[in-house]
$ cat upload-v7.txt   # compact mmCIF, N, CA and C atoms
# COMPACT_ATOMS: atom_id res chain seq x y z
N MET A 1 27.12 1.95 -44.29
CA MET A 1 27.03 3.11 -43.42
C MET A 1 25.96 2.93 -42.35
N ARG A 2 24.79 2.44 -42.74
CA ARG A 2 23.72 2.24 -41.75
C ARG A 2 24.11 1.17 -40.74
N PHE A 3 24.78 0.14 -41.22
CA PHE A 3 25.19 -0.93 -40.31
C PHE A 3 26.15 -0.39 -39.26
N ARG A 4 27.10 0.48 -39.68
CA ARG A 4 28.06 1.04 -38.74
C ARG A 4 27.34 1.93 -37.72
N ASN A 5 26.37 2.71 -38.14
CA ASN A 5 25.60 3.55 -37.22
C ASN A 5 24.82 2.70 -36.23
N LEU A 6 24.26 1.61 -36.71
CA LEU A 6 23.52 0.71 -35.83
C LEU A 6 24.42 0.08 -34.79
N VAL A 7 25.60 -0.37 -35.21
CA VAL A 7 26.56 -0.95 -34.28
C VAL A 7 27.03 0.09 -33.27
N LEU A 8 27.32 1.30 -33.74
CA LEU A 8 27.75 2.38 -32.85
C LEU A 8 26.65 2.72 -31.84
N PHE A 9 25.42 2.82 -32.30
CA PHE A 9 24.29 3.09 -31.41
C PHE A 9 24.15 1.99 -30.36
N PHE A 10 24.25 0.74 -30.78
CA PHE A 10 24.13 -0.40 -29.87
C PHE A 10 25.26 -0.39 -28.84
N ALA A 11 26.50 -0.10 -29.26
CA ALA A 11 27.64 -0.04 -28.34
C ALA A 11 27.46 1.09 -27.32
N LEU A 12 26.97 2.23 -27.80
CA LEU A 12 26.72 3.35 -26.90
C LEU A 12 25.63 3.00 -25.89
N PHE A 13 24.58 2.35 -26.35
CA PHE A 13 23.50 1.93 -25.47
C PHE A 13 24.00 0.98 -24.38
N LEU A 14 24.83 0.00 -24.77
CA LEU A 14 25.39 -0.94 -23.78
C LEU A 14 26.29 -0.23 -22.78
N ALA A 15 27.09 0.72 -23.26
CA ALA A 15 27.99 1.46 -22.36
C ALA A 15 27.17 2.27 -21.34
N LEU A 16 26.12 2.94 -21.80
CA LEU A 16 25.27 3.71 -20.89
C LEU A 16 24.55 2.79 -19.90
N LEU A 17 24.10 1.65 -20.38
CA LEU A 17 23.44 0.69 -19.50
C LEU A 17 24.39 0.21 -18.41
N LEU A 18 25.63 -0.05 -18.76
CA LEU A 18 26.64 -0.48 -17.79
C LEU A 18 26.93 0.62 -16.78
N ILE A 19 27.06 1.84 -17.25
CA ILE A 19 27.34 2.97 -16.35
C ILE A 19 26.19 3.18 -15.36
N PHE A 20 24.95 3.17 -15.85
CA PHE A 20 23.81 3.38 -14.97
C PHE A 20 23.63 2.24 -13.98
N SER A 21 23.93 1.02 -14.38
CA SER A 21 23.79 -0.10 -13.44
C SER A 21 24.84 0.00 -12.33
N GLN A 22 26.05 0.47 -12.67
CA GLN A 22 27.07 0.66 -11.64
C GLN A 22 26.71 1.81 -10.70
N LEU A 23 26.14 2.87 -11.24
CA LEU A 23 25.70 3.98 -10.39
C LEU A 23 24.59 3.55 -9.45
N ALA A 24 23.68 2.75 -9.94
CA ALA A 24 22.58 2.26 -9.10
C ALA A 24 23.10 1.37 -8.00
N ALA A 25 24.10 0.55 -8.28
CA ALA A 25 24.68 -0.32 -7.26
C ALA A 25 25.39 0.49 -6.18
N LYS A 26 26.05 1.58 -6.57
CA LYS A 26 26.74 2.42 -5.60
C LYS A 26 25.77 3.21 -4.73
N ALA A 27 24.58 3.50 -5.25
CA ALA A 27 23.60 4.28 -4.50
C ALA A 27 23.08 3.53 -3.29
N GLY A 28 23.25 2.23 -3.26
CA GLY A 28 22.80 1.44 -2.11
C GLY A 28 21.40 0.93 -2.32
N PRO A 29 20.92 0.16 -1.35
CA PRO A 29 19.59 -0.43 -1.51
C PRO A 29 18.50 0.62 -1.42
N ARG A 30 17.41 0.38 -2.10
CA ARG A 30 16.25 1.25 -2.05
C ARG A 30 15.50 1.01 -0.75
N PHE A 31 14.52 1.83 -0.47
CA PHE A 31 13.72 1.71 0.74
C PHE A 31 13.07 0.33 0.82
N ASP A 32 13.30 -0.38 1.92
CA ASP A 32 12.71 -1.70 2.12
C ASP A 32 12.09 -1.72 3.51
N PRO A 33 10.76 -1.72 3.60
CA PRO A 33 10.11 -1.66 4.90
C PRO A 33 10.33 -2.91 5.75
N ASN A 34 10.88 -3.97 5.17
CA ASN A 34 11.12 -5.20 5.93
C ASN A 34 12.47 -5.20 6.62
N GLN A 35 13.32 -4.24 6.31
CA GLN A 35 14.63 -4.16 6.94
C GLN A 35 14.51 -3.56 8.33
N PRO A 36 15.42 -3.94 9.25
CA PRO A 36 15.42 -3.29 10.56
C PRO A 36 15.66 -1.79 10.39
N ILE A 37 15.07 -1.01 11.25
CA ILE A 37 15.13 0.44 11.10
C ILE A 37 15.96 1.02 12.24
N ALA A 38 16.86 1.91 11.89
CA ALA A 38 17.72 2.53 12.89
C ALA A 38 16.91 3.41 13.82
N ALA A 39 17.26 3.36 15.11
CA ALA A 39 16.56 4.18 16.08
C ALA A 39 16.76 5.66 15.79
N ALA A 40 17.90 6.01 15.21
CA ALA A 40 18.19 7.41 14.91
C ALA A 40 17.18 7.99 13.94
N ALA A 41 16.65 7.17 13.05
CA ALA A 41 15.66 7.66 12.09
C ALA A 41 14.40 8.13 12.83
N GLY A 42 13.98 7.39 13.84
CA GLY A 42 12.82 7.78 14.63
C GLY A 42 13.11 9.04 15.43
N GLU A 43 14.31 9.14 15.96
CA GLU A 43 14.69 10.32 16.73
C GLU A 43 14.72 11.56 15.83
N GLU A 44 15.25 11.40 14.64
CA GLU A 44 15.31 12.51 13.70
C GLU A 44 13.90 12.98 13.34
N MET A 45 13.01 12.03 13.11
CA MET A 45 11.63 12.39 12.79
C MET A 45 10.96 13.06 13.98
N TYR A 46 11.22 12.55 15.18
CA TYR A 46 10.63 13.16 16.38
C TYR A 46 11.06 14.63 16.49
N MET A 47 12.37 14.86 16.31
CA MET A 47 12.88 16.23 16.43
C MET A 47 12.28 17.13 15.34
N SER A 48 12.02 16.58 14.18
CA SER A 48 11.47 17.38 13.08
C SER A 48 9.99 17.66 13.24
N TYR A 49 9.24 16.66 13.70
CA TYR A 49 7.79 16.77 13.69
C TYR A 49 7.15 17.00 15.06
N CYS A 50 7.76 16.49 16.13
CA CYS A 50 7.07 16.45 17.42
C CYS A 50 7.66 17.35 18.50
N ALA A 51 8.96 17.59 18.42
CA ALA A 51 9.64 18.29 19.51
C ALA A 51 9.14 19.71 19.73
N GLU A 52 8.63 20.35 18.70
CA GLU A 52 8.16 21.72 18.86
C GLU A 52 7.05 21.80 19.92
N CYS A 53 6.16 20.82 19.94
CA CYS A 53 5.07 20.83 20.91
C CYS A 53 5.37 19.98 22.14
N HIS A 54 5.93 18.78 21.93
CA HIS A 54 6.14 17.85 23.04
C HIS A 54 7.48 18.03 23.73
N GLY A 55 8.33 18.91 23.22
CA GLY A 55 9.64 19.14 23.82
C GLY A 55 10.67 18.14 23.33
N ARG A 56 11.91 18.54 23.35
CA ARG A 56 13.01 17.67 22.88
C ARG A 56 13.10 16.40 23.71
N ASP A 57 12.70 16.47 24.98
CA ASP A 57 12.78 15.31 25.86
C ASP A 57 11.48 14.51 25.91
N GLY A 58 10.43 15.00 25.26
CA GLY A 58 9.15 14.30 25.23
C GLY A 58 8.28 14.54 26.44
N LYS A 59 8.71 15.41 27.33
CA LYS A 59 7.97 15.62 28.59
C LYS A 59 6.68 16.42 28.42
N GLY A 60 6.58 17.20 27.36
CA GLY A 60 5.34 17.95 27.12
C GLY A 60 4.97 18.82 28.31
N GLY A 61 3.68 18.78 28.69
CA GLY A 61 3.20 19.48 29.88
C GLY A 61 2.87 20.93 29.69
N ARG A 62 3.52 21.60 28.78
CA ARG A 62 3.25 23.02 28.57
C ARG A 62 2.33 23.18 27.37
N SER A 63 1.81 24.34 27.19
CA SER A 63 0.97 24.60 26.02
C SER A 63 1.85 24.66 24.78
N SER A 64 1.31 24.19 23.69
CA SER A 64 2.07 24.21 22.45
C SER A 64 2.15 25.64 21.93
N ALA A 65 3.01 25.83 20.94
CA ALA A 65 3.16 27.15 20.34
C ALA A 65 1.92 27.53 19.54
N VAL A 66 1.17 26.53 19.10
CA VAL A 66 0.03 26.80 18.24
C VAL A 66 -1.27 26.82 19.03
N PHE A 67 -1.44 25.86 19.94
CA PHE A 67 -2.70 25.73 20.67
C PHE A 67 -2.47 26.00 22.15
N SER A 68 -3.51 26.43 22.82
CA SER A 68 -3.37 26.75 24.24
C SER A 68 -3.89 25.61 25.11
N VAL A 69 -3.57 24.38 24.74
CA VAL A 69 -3.97 23.21 25.52
C VAL A 69 -2.71 22.53 26.04
N PRO A 70 -2.80 21.85 27.18
CA PRO A 70 -1.62 21.14 27.68
C PRO A 70 -1.21 20.02 26.72
N VAL A 71 0.09 19.84 26.58
CA VAL A 71 0.63 18.82 25.68
C VAL A 71 1.00 17.60 26.52
N PRO A 72 0.57 16.39 26.10
CA PRO A 72 0.85 15.19 26.89
C PRO A 72 2.34 14.90 27.05
N ASP A 73 2.68 14.31 28.19
CA ASP A 73 4.04 13.83 28.47
C ASP A 73 4.17 12.48 27.79
N LEU A 74 4.99 12.39 26.77
CA LEU A 74 5.13 11.15 26.00
C LEU A 74 6.04 10.13 26.67
N THR A 75 6.70 10.51 27.76
CA THR A 75 7.60 9.57 28.44
C THR A 75 6.87 8.71 29.48
N THR A 76 5.62 9.00 29.74
CA THR A 76 4.87 8.24 30.76
C THR A 76 3.73 7.42 30.18
N LEU A 77 3.74 7.23 28.88
CA LEU A 77 2.65 6.49 28.24
C LEU A 77 2.56 5.05 28.76
N ALA A 78 3.69 4.38 28.91
CA ALA A 78 3.68 3.00 29.41
C ALA A 78 3.27 2.98 30.89
N LYS A 79 3.79 3.91 31.65
CA LYS A 79 3.47 4.00 33.08
C LYS A 79 1.97 4.18 33.28
N GLU A 80 1.35 5.02 32.46
CA GLU A 80 -0.08 5.27 32.56
C GLU A 80 -0.93 4.11 32.03
N ASN A 81 -0.27 3.16 31.38
CA ASN A 81 -0.97 2.01 30.81
C ASN A 81 -0.52 0.71 31.51
N HIS A 82 -0.34 0.77 32.80
CA HIS A 82 0.02 -0.38 33.63
C HIS A 82 1.32 -1.04 33.18
N GLY A 83 2.31 -0.23 32.79
CA GLY A 83 3.62 -0.73 32.43
C GLY A 83 3.76 -1.23 31.00
N ARG A 84 2.71 -1.15 30.23
CA ARG A 84 2.79 -1.62 28.83
C ARG A 84 2.64 -0.43 27.90
N PHE A 85 3.56 -0.32 26.98
CA PHE A 85 3.52 0.78 26.01
C PHE A 85 2.35 0.55 25.05
N PRO A 86 1.44 1.49 24.94
CA PRO A 86 0.26 1.32 24.07
C PRO A 86 0.61 1.55 22.60
N TYR A 87 1.33 0.60 22.03
CA TYR A 87 1.88 0.73 20.69
C TYR A 87 0.79 1.08 19.66
N GLY A 88 -0.28 0.32 19.65
CA GLY A 88 -1.34 0.54 18.66
C GLY A 88 -1.99 1.90 18.80
N LEU A 89 -2.26 2.31 20.03
CA LEU A 89 -2.89 3.61 20.26
C LEU A 89 -1.97 4.75 19.83
N VAL A 90 -0.68 4.62 20.15
CA VAL A 90 0.28 5.66 19.77
C VAL A 90 0.41 5.71 18.25
N ARG A 91 0.53 4.55 17.63
CA ARG A 91 0.65 4.48 16.16
C ARG A 91 -0.58 5.13 15.50
N ASP A 92 -1.77 4.81 16.03
CA ASP A 92 -3.00 5.39 15.46
C ASP A 92 -3.07 6.89 15.69
N ALA A 93 -2.58 7.35 16.84
CA ALA A 93 -2.58 8.79 17.13
C ALA A 93 -1.65 9.53 16.17
N ILE A 94 -0.49 8.94 15.88
CA ILE A 94 0.44 9.57 14.94
C ILE A 94 -0.18 9.59 13.55
N ARG A 95 -0.76 8.50 13.17
CA ARG A 95 -1.38 8.40 11.84
C ARG A 95 -2.52 9.40 11.71
N GLY A 96 -3.23 9.65 12.82
CA GLY A 96 -4.34 10.59 12.78
C GLY A 96 -5.66 9.91 13.01
N ASP A 97 -5.64 8.60 13.32
CA ASP A 97 -6.87 7.85 13.54
C ASP A 97 -7.52 8.15 14.88
N GLU A 98 -6.73 8.53 15.87
CA GLU A 98 -7.23 8.71 17.23
C GLU A 98 -7.00 10.13 17.75
N HIS A 99 -7.56 11.11 17.13
CA HIS A 99 -7.38 12.49 17.58
C HIS A 99 -8.59 12.98 18.34
N THR A 100 -9.04 12.15 19.24
CA THR A 100 -10.12 12.54 20.13
C THR A 100 -9.63 12.31 21.55
N GLY A 101 -10.42 12.63 22.52
CA GLY A 101 -10.04 12.38 23.91
C GLY A 101 -8.90 13.28 24.33
N ALA A 102 -7.73 12.70 24.58
CA ALA A 102 -6.59 13.45 25.10
C ALA A 102 -6.15 14.56 24.16
N TYR A 103 -6.21 14.34 22.87
CA TYR A 103 -5.73 15.35 21.94
C TYR A 103 -6.80 16.37 21.59
N GLY A 104 -8.02 15.93 21.53
CA GLY A 104 -9.07 16.83 21.07
C GLY A 104 -9.02 16.90 19.56
N PRO A 105 -10.13 17.11 18.95
CA PRO A 105 -10.15 17.12 17.50
C PRO A 105 -9.34 18.29 16.93
N GLY A 106 -8.44 17.98 16.01
CA GLY A 106 -7.68 19.01 15.33
C GLY A 106 -6.50 19.58 16.09
N THR A 107 -6.23 19.10 17.31
CA THR A 107 -5.12 19.65 18.07
C THR A 107 -3.79 19.15 17.56
N MET A 108 -3.67 17.85 17.36
CA MET A 108 -2.43 17.27 16.85
C MET A 108 -2.57 17.04 15.36
N PRO A 109 -1.55 17.39 14.59
CA PRO A 109 -1.64 17.17 13.15
C PRO A 109 -1.79 15.69 12.81
N SER A 110 -2.41 15.41 11.70
CA SER A 110 -2.54 14.04 11.20
C SER A 110 -1.27 13.72 10.41
N TRP A 111 -0.29 13.12 11.09
CA TRP A 111 1.00 12.88 10.45
C TRP A 111 0.92 11.84 9.35
N GLY A 112 -0.04 10.94 9.41
CA GLY A 112 -0.20 9.96 8.34
C GLY A 112 -0.43 10.64 7.01
N PHE A 113 -1.25 11.67 7.02
CA PHE A 113 -1.50 12.43 5.79
C PHE A 113 -0.23 13.12 5.33
N GLN A 114 0.49 13.74 6.25
CA GLN A 114 1.75 14.42 5.90
C GLN A 114 2.78 13.44 5.36
N PHE A 115 2.92 12.28 6.00
CA PHE A 115 3.89 11.29 5.55
C PHE A 115 3.52 10.75 4.17
N ARG A 116 2.23 10.66 3.89
CA ARG A 116 1.78 10.20 2.58
C ARG A 116 2.22 11.19 1.51
N TYR A 117 2.14 12.46 1.84
CA TYR A 117 2.56 13.51 0.92
C TYR A 117 4.07 13.48 0.71
N VAL A 118 4.83 13.38 1.81
CA VAL A 118 6.29 13.37 1.75
C VAL A 118 6.78 12.10 1.06
N GLY A 119 6.12 10.98 1.31
CA GLY A 119 6.56 9.70 0.76
C GLY A 119 6.05 9.40 -0.63
N GLY A 120 5.46 10.36 -1.28
CA GLY A 120 4.98 10.14 -2.63
C GLY A 120 3.78 9.21 -2.71
N GLY A 121 3.06 9.05 -1.61
CA GLY A 121 1.84 8.25 -1.62
C GLY A 121 2.05 6.78 -1.30
N SER A 122 3.28 6.36 -1.04
CA SER A 122 3.56 4.96 -0.76
C SER A 122 3.02 4.57 0.62
N ARG A 123 2.08 3.64 0.66
CA ARG A 123 1.51 3.18 1.92
C ARG A 123 2.57 2.51 2.79
N LEU A 124 3.47 1.74 2.17
CA LEU A 124 4.52 1.07 2.93
C LEU A 124 5.47 2.07 3.58
N GLU A 125 5.80 3.13 2.87
CA GLU A 125 6.69 4.13 3.44
C GLU A 125 6.01 4.89 4.57
N VAL A 126 4.73 5.18 4.42
CA VAL A 126 3.98 5.86 5.48
C VAL A 126 3.98 5.00 6.74
N GLU A 127 3.69 3.72 6.59
CA GLU A 127 3.66 2.81 7.74
C GLU A 127 5.04 2.69 8.38
N ALA A 128 6.08 2.63 7.56
CA ALA A 128 7.44 2.55 8.10
C ALA A 128 7.79 3.80 8.90
N ARG A 129 7.43 4.96 8.40
CA ARG A 129 7.70 6.21 9.13
C ARG A 129 6.95 6.23 10.46
N ILE A 130 5.68 5.85 10.43
CA ILE A 130 4.88 5.83 11.65
C ILE A 130 5.47 4.83 12.65
N ASN A 131 5.88 3.67 12.18
CA ASN A 131 6.47 2.66 13.07
C ASN A 131 7.81 3.12 13.64
N ARG A 132 8.63 3.80 12.84
CA ARG A 132 9.91 4.33 13.34
C ARG A 132 9.66 5.31 14.48
N LEU A 133 8.73 6.20 14.25
CA LEU A 133 8.41 7.22 15.25
C LEU A 133 7.83 6.58 16.50
N THR A 134 6.97 5.59 16.34
CA THR A 134 6.38 4.90 17.49
C THR A 134 7.46 4.16 18.28
N GLU A 135 8.38 3.51 17.58
CA GLU A 135 9.48 2.81 18.27
C GLU A 135 10.35 3.80 19.04
N TYR A 136 10.59 4.96 18.47
CA TYR A 136 11.37 5.96 19.19
C TYR A 136 10.64 6.41 20.45
N LEU A 137 9.33 6.61 20.36
CA LEU A 137 8.57 7.01 21.54
C LEU A 137 8.60 5.90 22.59
N ARG A 138 8.61 4.66 22.16
CA ARG A 138 8.74 3.54 23.11
C ARG A 138 10.07 3.62 23.84
N SER A 139 11.12 4.04 23.14
CA SER A 139 12.45 4.14 23.78
C SER A 139 12.53 5.27 24.79
N LEU A 140 11.63 6.24 24.73
CA LEU A 140 11.63 7.36 25.67
C LEU A 140 10.94 7.06 27.00
N GLN A 141 10.31 5.91 27.11
CA GLN A 141 9.48 5.62 28.30
C GLN A 141 10.32 5.55 29.57
N GLU A 142 9.78 6.12 30.62
CA GLU A 142 10.41 6.06 31.94
C GLU A 142 10.42 4.62 32.42
N LYS A 143 11.48 4.25 33.07
CA LYS A 143 11.59 2.88 33.61
C LYS A 143 10.97 2.77 34.96
$ encode --input "upload-v7.txt" --output "structure tokens"
Amino acid sequence: MRFRNLVLFFALFLALLLIFSQLAAKAGPRFDPNQPIAAAAGEEMYMSYCAECHGRDGKGGRSSAVFSVPVPDLTTLAKENHGRFPYGLVRDAIRGDEHTGAYGPGTMPSWGFQFRYVGGGSRLEVEARINRLTEYLRSLQEK
């Protein structure tokens, strides 16, 4: 009797293992920061996090809904930097490292902190989100 229960338990365990492995394969690959990232992901994040203050087109210029300071035009960042998009500066500003000068302290949220919370604390996921958003802002630059 015990042997039959053991065999039945083992067969059930193998069946469940097979089912879960097939479900995992159908779910697709997990987050991999080394994979190319779709531009739409950056656009979606921009619309969720940035468009309220900077506008859907990135032109800014008006006061934000929260603060009474002018909001920078994100489409002229490269133009204002002698034709080169300031990737590092923009990435640091999104992360929250550079919230002085143009932004003023506390004016723009520290998105790095927010992404860390949303991403469950994964440093790689935070960096991937920041890079997606920065790449999208690069695509908005005036020619």
$ residues_around --input "upload-v7.txt" --residues "Gly96 (chain A)" --least-positions-apart "4" --cutoff "9 Å" --atoms "only C-alpha atoms" --output "number ranges by chain"
A: 91-92, 108-113
$ residues_around --input "upload-v7.txt" --residues "Arg129 (chain A)" --least-positions-apart "2" --cutoff "12 Å" --atoms "only C-alpha atoms" --output "number ranges by chain"
A: 31-33, 37-39, 41-46, 49, 91, 94-95, 111-116, 118-119, 122-127, 131-136
$ closest_residue --input "upload-v7.txt" --among "A:Phe9, A:Gln141, A:Arg56, A:Leu18" --to "Asn81 (chain A)" --atoms "only C-alpha atoms"
A:Gln141
